[in-house]
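Asks: First, the structure itself, so that you have it in front of you.
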Amino acid sequence: MATPASRGTTGHEPAYFPDGETAFGHDEGPWEEWNPTEESVRPVRGRHRVGKQRGGFARSSTVLGVGVIAAVGAGGIATAKDRPPVPISLPDLSGVTESLPDAESLPGVGSLISDDSADAGDDFSGVTQATAASGAPVAQLDGEPQAASADAGEALRSRIMQQAESKQEEAAAAEQAAAADAAAKAAAEEAEKQQTEAEREAAEAKRKAEEEAKRKAEAERLAKLARSFTAPLASYTISTVFGQAGSMWSSGYHTGLDFAAPTGTPIKSIHSGTVKEAGWSGSYGYRTVIELDDGTELAYNHQSSMSVSVGQEVKTGDVIGRVGSTGNSTGPHLHFEVKTAGGELIDPSAWLRSKGVSI
């Protein structure tokens, strides 16, 4: 049985050939019969085949484009893995579309194929190309996938930025807290140092004030004593001090303080008291002893003459005798001795200084 041949590109009427034979139009390849009703009832994009060429390539650019969209949507990547992208070129199929059945007469196909497809090219306005994380271009429909991906990326970026800012704020807060602690510690140490220094200065000032007060009190005491104590001679020279060793003294050392002065120089009572002894006393020559109120005894030795008698009350500055060289003496001088209430001979120089008398 003969079958009608498909409409060629020349516009001739269809010819009939025996079974198994094919018709050729210009340089086109053999065509197979296509039943549009089988696949057009389901409007699935990219599933319609218009015809086959020798190498198996689709003739219609529109159908091929829809197939590419479907493939991209299913696979997600338009380029082969680990291979560089290869440009795709489509042949001019304007002549082939003229031989196809009227698209408008096929249900569900008219929206896919139009007369302007050959001239204006395939309409892929609803398709956009995005870039996957691997760097390969990915076809996406306008709106939903790209917008969702952008929103997710923006949300992730915002979350990362918030975490980074939070870490920076925590680090800054920790640094500020450490600086505040260091400053507080330094301030406490400085305050403690200042307090210690202030306490030291206050203690030193107190010590100096106490020493100054003691000095003034002692000066006042000595001034008062000086008014009640006086030197035994108005003019003299210290010839021998207390404790000096020598064979001329029976005790082996000098027991008093010697004031050298010319014979007849008046001898004054150093302090007020009572005459306990007045007369000759062997090696001491003429000797006068005056007892003070505290029991201290003052002895004036080697006098040339005496002016008081036992039991007489004398006052500071009263003349009790005159310088001489009686007894065991090598020249005119006053041999002065001080004996405590306990009977101990002490250094007359120290005792006089303690009473405010300078010698």
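Ordering of the structure tokens sets the chain letters (A, B, ...); residue numbers start at 1 within each chain; ligands are numbered from 1 in the order shown.
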Quick one: everything within 8 Å of Ala299 of chain A, counting only C-alpha atoms, minus sequence neighbours fewer than 3 positions away in the same chain. Send it as a PyMOL selection string.

Replies: chain A and resi 287-290+336-338

Asks: Select from segment 227-322 of chain A everything DSSP, run on the backbone, classes as helix (DSSP H, G or I), then give the selection as an MDAnalysis selection string.

Replies: chainID A and resid 227:228 282:284

Asks: Selected residues, C-alpha atoms, written as a PDB file, in the first residue's frame, please.

Replies:
```pdb
ATOM      1  CA  ARG A 227      67.869  80.369 136.239  1.00  0.00           C
ATOM      2  CA  SER A 228      68.261  78.218 139.356  1.00  0.00           C
ATOM      3  CA  GLY A 282      93.010  66.591 154.715  1.00  0.00           C
ATOM      4  CA  SER A 283      94.105  66.229 151.060  1.00  0.00           C
ATOM      5  CA  TYR A 284      91.069  68.279 149.984  1.00  0.00           C
TER       6      TYR A 284
END
```

Asks: Kindly give the distance, in Å, that separates atom CA of Val310 of chain A and atom CA of Glu277 of chain A, rounded to a single decimal.

Replies: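 Computing the Euclidean distance for atom CA of Val310 of chain A and atom CA of Glu277 of chain A yields 5.4 Å.
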
Asks: List as number ranges by chain the protein and nucleic acid residues near segment 351-358 of chain A, meaning an atom at most 6 Å away when only C-alpha atoms are counted, but skip any in the same chain fewer than 2 places from it.

Replies: A: 222, 225-226, 348-349

Asks: So how far away is atom CA of His333 of chain A from atom CA of Gly321 of chain A, in Å?

Replies: 12.3 Å

Asks: Give me every strand (DSSP E) residue in segment 193-252 of chain A, going by DSSP on the backbone, as a list in words.

Replies: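 Matching residues for strand (DSSP E) in segment 193-252 of chain A are Thr237, Ile238, Ser239 and Thr240 of chain A.
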
Asks: So which residues touch Phe242 of chain A within 6 Å, counting only C-alpha atoms, skipping near sequence neighbours fewer than 4 positions away, as a PyMOL selection string?

Replies: chain A and resi 254-257+347

Asks: So how far away is atom CA of Thr316 of chain A from atom CA of Arg215 of chain A, in Å?

Replies: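 So the two atoms, atom CA of Arg215 of chain A and atom CA of Thr316 of chain A, lie 25.4 Å apart.
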
Asks: I'd like the neighbourhood of Asp258 of chain A as number ranges by chain, where a residue qualifies if any of its atoms comes within 8 Å (using only C-alpha atoms), though same-chain residues fewer than 6 positions away should be ignored.

Replies: A: 238-241, 333-336
